[in-house]
Every structure is written in structure tokens, then in C-alpha cells.
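Q: Sharing run_39.cif, mmCIF, C-alpha atoms and all ligand atoms:
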```
data_structure
loop_
_atom_site.label_atom_id
_atom_site.label_comp_id
_atom_site.auth_asym_id
_atom_site.auth_seq_id
_atom_site.Cartn_x
_atom_site.Cartn_y
_atom_site.Cartn_z
CA MET A 9 30.81 40.58 4.50
CA SER A 10 28.59 37.66 3.55
CA VAL A 11 26.07 36.29 6.04
CA ALA A 12 26.80 32.82 7.44
CA ALA A 13 24.44 30.15 6.14
CA VAL A 14 24.07 28.90 9.72
CA SER A 15 25.24 30.69 12.81
CA ALA A 16 25.01 29.22 16.31
CA ARG A 17 25.91 31.10 19.49
CA ARG A 18 25.93 29.26 22.83
CA VAL A 19 23.13 27.06 21.55
CA GLN A 20 21.64 24.83 24.21
CA LYS A 21 18.82 22.36 23.79
CA GLN A 22 17.12 20.63 26.69
CA TYR A 23 14.13 18.48 25.93
CA PRO A 24 11.09 19.27 28.09
CA GLY A 25 9.83 17.06 30.92
CA ALA A 26 10.95 16.08 34.38
CA ARG A 27 13.76 13.94 32.97
CA GLY A 28 14.35 16.31 30.06
CA VAL A 29 17.64 15.40 28.43
CA LEU A 30 20.24 18.10 27.87
CA ALA A 31 21.02 17.23 24.27
CA LEU A 32 23.21 20.18 23.15
CA ASP A 33 25.31 22.58 25.16
CA GLY A 34 27.26 25.68 24.19
CA ILE A 35 27.37 25.11 20.43
CA ASN A 36 29.19 27.97 18.68
CA ILE A 37 29.80 27.86 14.96
CA ASP A 38 29.53 30.00 11.83
CA ILE A 39 29.02 27.96 8.69
CA PRO A 40 29.84 29.89 5.53
CA GLU A 41 27.57 29.54 2.51
CA GLY A 42 28.32 26.77 0.06
CA GLN A 43 30.21 24.55 2.48
CA PHE A 44 29.69 20.83 2.88
CA VAL A 45 29.64 20.24 6.63
CA SER A 46 29.81 16.76 8.12
CA ILE A 47 28.47 16.43 11.67
CA LEU A 48 30.09 13.53 13.47
CA GLY A 49 29.66 12.18 16.96
CA PRO A 50 28.73 9.14 19.04
CA SER A 51 25.18 7.84 19.18
CA GLY A 52 22.87 10.07 21.21
CA CYS A 53 25.22 13.09 21.21
CA GLY A 54 22.65 15.42 19.68
CA LYS A 55 23.48 15.37 15.97
CA SER A 56 19.87 14.97 14.84
CA THR A 57 18.76 17.44 17.50
CA PHE A 58 21.10 20.06 16.04
CA LEU A 59 19.75 19.40 12.56
CA ARG A 60 16.14 19.60 13.76
CA CYS A 61 16.87 22.89 15.54
CA VAL A 62 18.36 24.32 12.34
CA ALA A 63 15.29 23.05 10.45
CA GLY A 64 13.04 24.85 12.93
CA LEU A 65 11.43 21.57 13.98
CA GLU A 66 12.73 21.90 17.56
CA GLU A 67 13.10 25.08 19.57
CA ILE A 68 16.46 25.81 21.19
CA THR A 69 16.36 26.38 24.95
CA SER A 70 18.92 29.21 25.02
CA GLY A 71 21.48 30.90 22.81
CA ASP A 72 21.03 32.19 19.27
CA LEU A 73 20.54 30.22 16.10
CA GLU A 74 20.30 31.91 12.72
CA VAL A 75 19.81 30.57 9.22
CA GLY A 76 20.70 32.98 6.41
CA GLY A 77 21.03 35.79 8.97
CA ARG A 78 17.55 35.30 10.45
CA PRO A 79 16.73 33.80 13.85
CA VAL A 80 15.10 30.39 13.43
CA SER A 81 11.45 30.37 14.49
CA GLY A 82 9.81 27.56 12.54
CA PRO A 83 11.05 25.97 9.32
CA PRO A 84 13.04 28.57 7.35
CA ASP A 85 12.44 29.10 3.64
CA GLY A 86 14.81 27.42 1.24
CA ILE A 87 15.74 24.26 3.10
CA GLY A 88 15.62 20.68 1.85
CA MET A 89 15.77 17.61 4.08
CA VAL A 90 16.81 14.00 3.52
CA PHE A 91 16.45 11.37 6.24
CA GLN A 92 17.74 7.84 6.81
CA ARG A 93 14.40 6.50 5.66
CA ASP A 94 13.60 8.09 2.35
CA ALA A 95 9.93 8.94 3.04
CA LEU A 96 8.96 8.59 -0.61
CA LEU A 97 5.22 8.23 -1.16
CA GLU A 98 4.64 4.67 -2.38
CA TRP A 99 1.54 5.52 -4.42
CA ARG A 100 3.23 8.21 -6.48
CA THR A 101 5.65 7.66 -9.34
CA ILE A 102 9.23 8.85 -8.89
CA ARG A 103 8.56 11.89 -11.06
CA LYS A 104 5.49 12.77 -9.00
CA ASN A 105 7.43 12.24 -5.78
CA LEU A 106 10.02 14.72 -6.99
CA LEU A 107 7.32 17.29 -7.67
CA LEU A 108 5.81 17.00 -4.19
CA PRO A 109 7.61 19.98 -2.56
CA VAL A 110 6.52 22.13 -5.49
CA GLU A 111 2.90 21.09 -5.00
CA PHE A 112 3.14 21.69 -1.24
CA ALA A 113 4.50 25.17 -1.87
CA LYS A 114 1.59 25.72 -4.31
CA LYS A 115 4.03 26.69 -7.04
CA PRO A 116 3.29 25.99 -10.73
CA VAL A 117 4.42 22.43 -11.44
CA ALA A 118 4.97 23.23 -15.12
CA ASN A 119 7.86 25.53 -14.20
CA TYR A 120 9.69 22.65 -12.54
CA GLN A 121 9.47 19.88 -15.17
CA ALA A 122 12.80 20.83 -16.73
CA LYS A 123 14.45 20.91 -13.30
CA VAL A 124 13.07 17.43 -12.58
CA ASP A 125 14.43 16.19 -15.93
CA HIS A 126 17.82 17.60 -15.05
CA LEU A 127 17.89 16.01 -11.59
CA LEU A 128 16.75 12.64 -12.98
CA ASP A 129 19.56 12.80 -15.54
CA LEU A 130 22.08 13.89 -12.94
CA THR A 131 21.28 10.90 -10.72
CA GLY A 132 20.74 8.31 -13.45
CA LEU A 133 17.04 7.86 -12.65
CA ARG A 134 15.61 9.08 -15.94
CA ASP A 135 14.52 5.57 -17.00
CA PHE A 136 12.63 5.17 -13.74
CA GLU A 137 10.62 8.38 -13.65
CA GLN A 138 7.35 6.46 -14.15
CA SER A 139 8.29 3.68 -11.71
CA TYR A 140 6.97 3.48 -8.16
CA PRO A 141 9.37 3.60 -5.19
CA ARG A 142 8.93 -0.14 -4.44
CA GLU A 143 10.39 -0.90 -7.90
CA LEU A 144 13.69 0.83 -7.01
CA SER A 145 16.70 -0.39 -5.02
CA GLY A 146 17.59 1.24 -1.68
CA GLY A 147 20.30 3.37 -3.28
CA MET A 148 18.01 4.48 -6.11
CA ARG A 149 15.29 5.42 -3.63
CA GLN A 150 17.75 7.50 -1.67
CA ARG A 151 18.89 9.21 -4.88
CA ALA A 152 15.25 10.03 -5.59
CA ALA A 153 14.89 11.45 -2.07
CA ILE A 154 17.95 13.65 -2.67
CA CYS A 155 16.48 14.85 -5.98
CA ARG A 156 13.22 15.68 -4.23
CA ALA A 157 15.07 17.71 -1.60
CA LEU A 158 16.89 19.60 -4.37
CA VAL A 159 13.96 20.27 -6.68
CA ASP A 160 13.20 23.74 -5.35
CA ASP A 161 16.88 24.80 -5.21
CA PRO A 162 17.28 24.89 -1.43
CA SER A 163 20.11 27.09 -0.24
CA LEU A 164 20.51 24.73 2.72
CA LEU A 165 20.29 20.95 2.49
CA LEU A 166 19.97 19.02 5.76
CA MET A 167 20.83 15.31 5.59
CA ASP A 168 20.35 13.05 8.60
CA GLU A 169 22.31 9.82 8.07
CA PRO A 170 20.89 9.51 4.56
CA PHE A 171 22.97 6.44 3.72
CA GLY A 172 22.76 4.74 7.13
CA ALA A 173 20.45 1.98 5.90
CA LEU A 174 22.47 1.12 2.78
CA ASP A 175 25.01 -1.66 2.35
CA ALA A 176 28.68 -0.64 2.35
CA PHE A 177 29.13 -0.90 -1.42
CA THR A 178 26.05 1.19 -2.27
CA ARG A 179 27.00 3.66 0.43
CA ASP A 180 30.40 4.22 -1.21
CA GLN A 181 28.73 4.84 -4.55
CA MET A 182 26.25 7.23 -2.98
CA ASN A 183 29.06 9.17 -1.30
CA PHE A 184 30.70 9.65 -4.67
CA GLU A 185 27.42 10.61 -6.34
CA LEU A 186 26.47 13.03 -3.61
CA GLN A 187 29.81 14.78 -4.03
CA ARG A 188 29.17 15.03 -7.78
CA ILE A 189 25.67 16.43 -7.29
CA TRP A 190 26.85 18.88 -4.65
CA MET A 191 29.73 20.11 -6.86
CA GLU A 192 27.07 21.12 -9.35
CA THR A 193 24.56 22.64 -6.92
CA ARG A 194 27.02 24.10 -4.36
CA ASN A 195 24.35 24.64 -1.75
CA THR A 196 25.27 24.53 1.92
CA VAL A 197 24.93 20.98 3.25
CA LEU A 198 24.76 19.76 6.85
CA PHE A 199 25.33 16.00 6.74
CA VAL A 200 24.94 13.91 9.89
CA THR A 201 26.87 10.66 10.01
CA HIS A 202 28.44 8.09 12.34
CA GLY A 203 31.14 7.28 9.81
CA ILE A 204 34.52 9.00 10.19
CA SER A 205 35.60 8.05 6.69
CA GLU A 206 32.31 9.23 5.16
CA ALA A 207 32.54 12.53 7.10
CA VAL A 208 36.07 13.22 5.85
CA PHE A 209 35.39 12.07 2.29
CA LEU A 210 32.42 14.40 1.88
CA GLY A 211 33.19 17.33 4.15
CA ASP A 212 34.87 20.68 3.67
CA ILE A 213 34.42 20.91 7.41
CA VAL A 214 33.87 18.17 10.00
CA MET A 215 32.12 19.19 13.23
CA VAL A 216 33.02 16.67 15.95
CA LEU A 217 30.56 16.51 18.86
CA SER A 218 31.17 15.01 22.31
CA PRO A 219 28.93 12.39 23.93
CA ARG A 220 25.73 13.83 25.42
CA PRO A 221 25.33 16.64 26.03
CA GLY A 222 26.71 17.39 22.58
CA ARG A 223 29.45 19.97 22.76
CA LEU A 224 31.60 20.99 19.85
CA VAL A 225 34.95 19.28 20.43
CA GLU A 226 36.67 20.42 17.26
CA VAL A 227 35.95 21.81 13.81
CA ILE A 228 38.28 20.27 11.26
CA GLU A 229 38.84 21.74 7.80
CA VAL A 230 39.42 19.02 5.25
CA ASP A 231 41.89 20.29 2.70
CA LEU A 232 41.67 17.62 -0.01
CA PRO A 233 41.12 18.62 -3.65
CA ARG A 234 37.79 17.84 -5.37
CA PRO A 235 36.47 15.89 -7.04
CA ARG A 236 37.73 13.34 -4.54
CA PRO A 237 37.90 9.83 -5.99
CA LEU A 238 36.90 7.02 -3.61
CA SER A 239 40.55 5.94 -3.70
CA VAL A 240 41.48 9.15 -1.84
CA ARG A 241 40.57 7.12 1.25
CA GLU A 242 43.69 5.04 0.67
CA THR A 243 46.04 8.07 0.76
CA PRO A 244 48.19 9.09 3.74
CA GLU A 245 46.63 12.61 3.73
CA PHE A 246 43.16 11.14 4.17
CA GLY A 247 44.47 8.72 6.79
CA LYS A 248 45.83 11.64 8.84
CA TYR A 249 42.37 13.21 9.13
CA VAL A 250 40.82 9.88 10.07
CA SER A 251 43.38 9.07 12.75
CA HIS A 252 43.17 12.58 14.18
CA ILE A 253 39.39 12.24 14.56
CA ARG A 254 39.70 8.69 15.91
CA GLY A 255 42.09 10.12 18.51
CA LEU A 256 39.46 12.65 19.56
CA PHE A 257 36.94 9.83 20.07
CA ASP A 258 39.47 7.73 22.01
CA ASN A 259 40.02 10.69 24.36
CA MET A 260 36.26 11.07 24.82
CA ASP A 261 35.98 7.34 25.66
CA ALA A 262 38.82 7.65 28.16
CA GLY A 263 37.02 10.64 29.76
CA THR A 264 33.77 8.67 30.01
CA GLU A 265 35.57 5.69 31.58
CA LYS A 266 37.22 8.02 34.14
CA ARG A 267 33.84 9.52 35.06
CA LYS A 268 32.37 6.02 35.47
CA ALA A 269 35.28 4.85 37.69
N1 LIG B 301 11.92 14.24 21.13
C1 LIG B 301 12.74 13.97 22.15
N2 LIG B 301 12.34 14.06 23.44
C2 LIG B 301 13.16 13.82 24.46
N3 LIG B 301 14.48 13.48 24.30
C3 LIG B 301 14.94 13.37 23.05
C4 LIG B 301 14.10 13.60 21.90
N4 LIG B 301 14.85 13.42 20.78
C5 LIG B 301 16.09 13.08 21.20
N5 LIG B 301 16.14 13.05 22.56
C6 LIG B 301 17.32 12.75 23.37
O1 LIG B 301 18.33 13.69 23.07
C7 LIG B 301 19.62 13.06 22.98
C8 LIG B 301 20.21 13.34 21.59
O2 LIG B 301 19.44 12.64 20.62
P1 LIG B 301 19.73 12.78 19.05
O3 LIG B 301 18.74 11.94 18.34
O4 LIG B 301 19.85 14.20 18.68
O5 LIG B 301 21.21 12.12 18.98
P2 LIG B 301 22.03 11.61 17.72
O6 LIG B 301 23.45 12.05 17.95
O7 LIG B 301 21.40 12.02 16.45
O8 LIG B 301 21.91 10.03 17.92
P3 LIG B 301 22.04 8.82 16.85
O9 LIG B 301 23.41 8.97 16.24
O10 LIG B 301 21.93 7.60 17.70
O11 LIG B 301 20.94 8.98 15.85
C9 LIG B 301 19.38 11.60 23.26
O12 LIG B 301 19.70 11.33 24.61
C10 LIG B 301 17.90 11.38 23.04
O13 LIG B 301 17.38 10.41 23.92
#
```
Show me, as C-alpha cells, the structure contained in the file I just sent.
Ligand SMILES: Nc1ncnc2c1ncn2[C@@H]1O[C@H](COP(=O)(O)OP(=O)(O)OP(=O)(O)O)[C@@H](O)[C@H]1O

A:
Amino acid sequence: MSVAAVSARRVQKQYPGARGVLALDGINIDIPEGQFVSILGPSGCGKSTFLRCVAGLEEITSGDLEVGGRPVSGPPDGIGMVFQRDALLEWRTIRKNLLLPVEFAKKPVANYQAKVDHLLDLTGLRDFEQSYPRELSGGMRQRAAICRALVDDPSLLLMDEPFGALDAFTRDQMNFELQRIWMETRNTVLFVTHGISEAVFLGDIVMVLSPRPGRLVEVIEVDLPRPRPLSVRETPEFGKYVSHIRGLFDNMDAGTEKRKA
């Protein structure tokens, strides 16, 4: 039996301090290797907290959390991260930005030049390898950030609202491109988003979290063939997933209103 890429058992996270927020409660999930997992939920429900716990940047308060069959205690090997802000280094060319994780890991840069070439080709950035980040558009910068996260072949890619700062048109294009890149790499991806349509378009699985403290409301398997064209969003099958998830959020809102009343 293969080991789950990420396994969470009764995971709880309370931030420290007198008014320490309970951010996650009772999260149970086994994520098989090679799945694209969208994590969806209202603002402040603990999506980023979950990602940071998986990345070993935050410690869980109770429960068990494993990555690749090992309990998380600090950043695990073989993960890549992409954030809303791309965090490219402005004084390094795109090519040199891509090589940064290799330099950090003190691995021989020469062994990675071909991989960088391939990623630049895959994302259409080859002509910009000697450019600086400020010379690129927002979408191109985010593509470079994705390349950088992929350069050392991570088995797990963690993406925290990577397209949140992009305009709607560029975001659509990036969704399509990310799918294309992922279909080639097939690493496990955890992708945090606020967008129901984006979550369904990209995900094999959508994890829906409740308002704080984040509890897993439902795990939805998205059974739509790939590659999914952007026009899949116009189909009734896609619409069914979206309205089901919207219904879950409406119920959560109704629950919150009742508690307030
Ligand atoms: N470092 C921290 N210290 C204390 N509380 C925190 C910290 N980081 C997050 N929180 C709290 O934990 C809760 C969950 O935050 P988190 O950022 O994980 O939510 P989110 O679902 O990613 O939100 P958003 O969609 O708005 O980015 C929030 O109430 C937040 O205030």
C-alpha cells in the first residue's frame, strides 16, 4: 500500500498567547500521492495555517500530521512553495532566481541548468531568462515563481493563493498553464484559494473548510477529464460541482447567522 503524501489525524492548531486563536480543529484527511488538492474556505478559516503546518513552518497543537509517511517536525525535504506575492529577488535575473533553491541546498548548479531550460520552455519564459523580475508582468513573475518551486523536483508543491493578486484574465490563463505544468510533473499539489471555480477547475479533490476554527466540511472528488479546457467551466457537469460547493457555503452562512441571533 502506498504512503499518503499528506496524512492528517485530528489535527488541531491553536496559536499561542492569551487570545490564541483556534485556527484548525479535527482535520482528518489522507491525500494520495500525485493528486491536485484545492483547499477552499472563507477568509480566516485556517487555509494558510494548514499549509504552513504541512510545510513545517507552524507546529500543530495536537493530532498527527505526516508528510510522505513521516511526522512533520520542521520543513520536510522535497517541498516547494509558491505564495501570493512571488518573492522573487529583484537583483537576480530570472534564470538566477530559478537556481536559488539549488544554491540554498548547496547542490551543484551545473546539474540543474538543463532542468531550468526545460522549465523556462514549459512556461514560455525562455526569452526572459536574463531579464530582472521588474521587467516581467505579474503573470510572468508568478510563472517564474512556480518554476523556481519546481526546479528541484519537489514531491509536494504548496501553493498559497498564488494567483490572488492577478487580474481575472491573467488568472484564467495561469489556471490553464498550471494544469498543463502539473500534468507533466504530476507532483502532489496543495492549492489554497478563495475561488470556487478555480478550485474545481484545478482540483482532483476539493477540501472545503468551515469558518474558523477550520473544520473539514466535505472532501469533493472532481471527476472531470483532463486536460480541462477553460470552457469546461461553461458545462453543466462543472456547474453541478460549483453549485454544490456554493450550497455548502450558504449553509455555513446560515449557521453563523443563527449563532449571531
Ligand atoms: N501567526 C499567527 N498568530 C496568531 N494568529 C494567527 C496567526 N496566523 C493566523 N492567525 C489566525 O488564525 C486564523 C486563520 O488564519 P489563516 O491565515 O490560516 O486563514 P486563511 O483561511 O488562510 O485566511 P485568508 O483566506 O484570509 O488568507 C485567523 O483568525 C488568523 O487571525

Q: When you look at A:Gly172 with a cut-off of 12 Å (counting only C-alpha atoms), what residues show up, excluding the ones that are within fewer than 5 positions of it in the same chain? I need them as a PyMOL selection string.

A: chain A and resi 90-94+146-147+150+167+178-180+182-183+199-203+206

Q: As an exercise, work out the distance from atom CA of A:Ser218 to atom CA of A:Gly49 in Å and give it to one decimal place.

A: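 It comes out at 6.2 Å.
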
Q: Counting all atoms listed in the file, figure out which residue out of A:Glu169, A:Glu41, A:Ala157, A:Phe136 gets nearest to ligand LIG 301 (chain B).

A: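 Distance minimum relative to ligand LIG 301 (chain B) lands on A:Glu169.
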
Q: Neighbours of ligand LIG 301 (chain B) within 10 Å, counting all atoms listed in the file, as a PyMOL selection string?

A: chain A and resi 21-25+27-32+47-61+66+92+168-169+172+200-202+217-222

Q: Which neighbours of A:Leu108 fall inside 12 Å, counting only C-alpha atoms, when residues of the same chain fewer than 3 positions from it are skipped, and could you give them as a PDB file with C-alpha atoms, in the frame of the given file?

A:
```pdb
ATOM      1  CA  ALA A  95       9.930   8.940   3.040  1.00  0.00           C
ATOM      2  CA  LEU A  96       8.960   8.590  -0.610  1.00  0.00           C
ATOM      3  CA  LEU A  97       5.220   8.230  -1.160  1.00  0.00           C
ATOM      4  CA  ARG A 100       3.230   8.210  -6.480  1.00  0.00           C
ATOM      5  CA  THR A 101       5.650   7.660  -9.340  1.00  0.00           C
ATOM      6  CA  ILE A 102       9.230   8.850  -8.890  1.00  0.00           C
ATOM      7  CA  ARG A 103       8.560  11.890 -11.060  1.00  0.00           C
ATOM      8  CA  LYS A 104       5.490  12.770  -9.000  1.00  0.00           C
ATOM      9  CA  ASN A 105       7.430  12.240  -5.780  1.00  0.00           C
ATOM     10  CA  GLU A 111       2.900  21.090  -5.000  1.00  0.00           C
ATOM     11  CA  PHE A 112       3.140  21.690  -1.240  1.00  0.00           C
ATOM     12  CA  ALA A 113       4.500  25.170  -1.870  1.00  0.00           C
ATOM     13  CA  LYS A 114       1.590  25.720  -4.310  1.00  0.00           C
ATOM     14  CA  LYS A 115       4.030  26.690  -7.040  1.00  0.00           C
ATOM     15  CA  PRO A 116       3.290  25.990 -10.730  1.00  0.00           C
ATOM     16  CA  VAL A 117       4.420  22.430 -11.440  1.00  0.00           C
ATOM     17  CA  TYR A 120       9.690  22.650 -12.540  1.00  0.00           C
ATOM     18  CA  GLN A 121       9.470  19.880 -15.170  1.00  0.00           C
ATOM     19  CA  VAL A 124      13.070  17.430 -12.580  1.00  0.00           C
ATOM     20  CA  ALA A 152      15.250  10.030  -5.590  1.00  0.00           C
ATOM     21  CA  ALA A 153      14.890  11.450  -2.070  1.00  0.00           C
ATOM     22  CA  CYS A 155      16.480  14.850  -5.980  1.00  0.00           C
ATOM     23  CA  ARG A 156      13.220  15.680  -4.230  1.00  0.00           C
ATOM     24  CA  ALA A 157      15.070  17.710  -1.600  1.00  0.00           C
ATOM     25  CA  LEU A 158      16.890  19.600  -4.370  1.00  0.00           C
ATOM     26  CA  VAL A 159      13.960  20.270  -6.680  1.00  0.00           C
ATOM     27  CA  ASP A 160      13.200  23.740  -5.350  1.00  0.00           C
TER      28      ASP A 160
END
```

Q: If we count only C-alpha atoms, what is near A:Asp72 at a cut-off of 8 Å, once residues fewer than 4 positions away on the same chain are taken out, given as a list of chain:residue names?

A: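 Contacts, with the query itself left out: A:Ser15, A:Ala16, A:Arg17, A:Arg18, A:Val19, A:Pro79.
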
Q: Between atom CA of A:Gly34 and atom CA of A:Gly211, what is the distance in Å, rounded to a tenth?

A: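 Separating atom CA of A:Gly34 from atom CA of A:Gly211 is a distance of 22.5 Å.
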
Q: Can you work out which one of A:Glu98, A:Pro235, A:Ile204, A:Leu224 has the shortest atom-to-atom distance to A:Gly247, counting all atoms listed in the file?

A: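 Looking only at the distances to A:Gly247, the closest residue turns out to be A:Ile204.
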
Q: Which residues, written as a PyMOL selection string, have at least one atom at most 12 Å from A:Asn195, with only C-alpha atoms counted and residues fewer than 2 positions away on the same chain left out?

A: chain A and resi 13+39-45+86-88+157-158+160-166+186-187+189-193+197-198

Q: Just to confirm, what's the straight-line distance from atom CA of A:Phe184 to atom CA of A:Pro170 in Å (one decimal)?

A: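 A separation of 13.5 Å between them.
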
Q: Using all atoms listed in the file, pick whichever of A:Ala63, A:Val214, A:Leu256, A:Val110 has the shortest atom-to-atom distance to A:Gly82.

A: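 Looking only at the distances to A:Gly82, the closest residue turns out to be A:Ala63.
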
Q: Give the centre and edge lengths of an axis-aligned box, in Å to one decimal, that holds all listed atoms of stretch 222-234 of chain A with 6 Å on each side, as JSON.

A:
```
{"center_x": 34.3, "center_y": 19.6, "center_z": 8.7, "size_x": 27.2, "size_y": 16.4, "size_z": 40.1}
```

Q: A:Gly76, A:Gly71, A:Pro141, A:Gly64: which is nearest A:Val11, counting only C-alpha atoms?

A: A:Gly76

Q: List the neighbours of A:Leu133 out to 9 Å using all atoms listed in the file; skip same-chain residues closer than 2 positions along the sequence, and give me the result as a PyMOL selection string.

A: chain A and resi 102+127-131+135-137+148+151-152
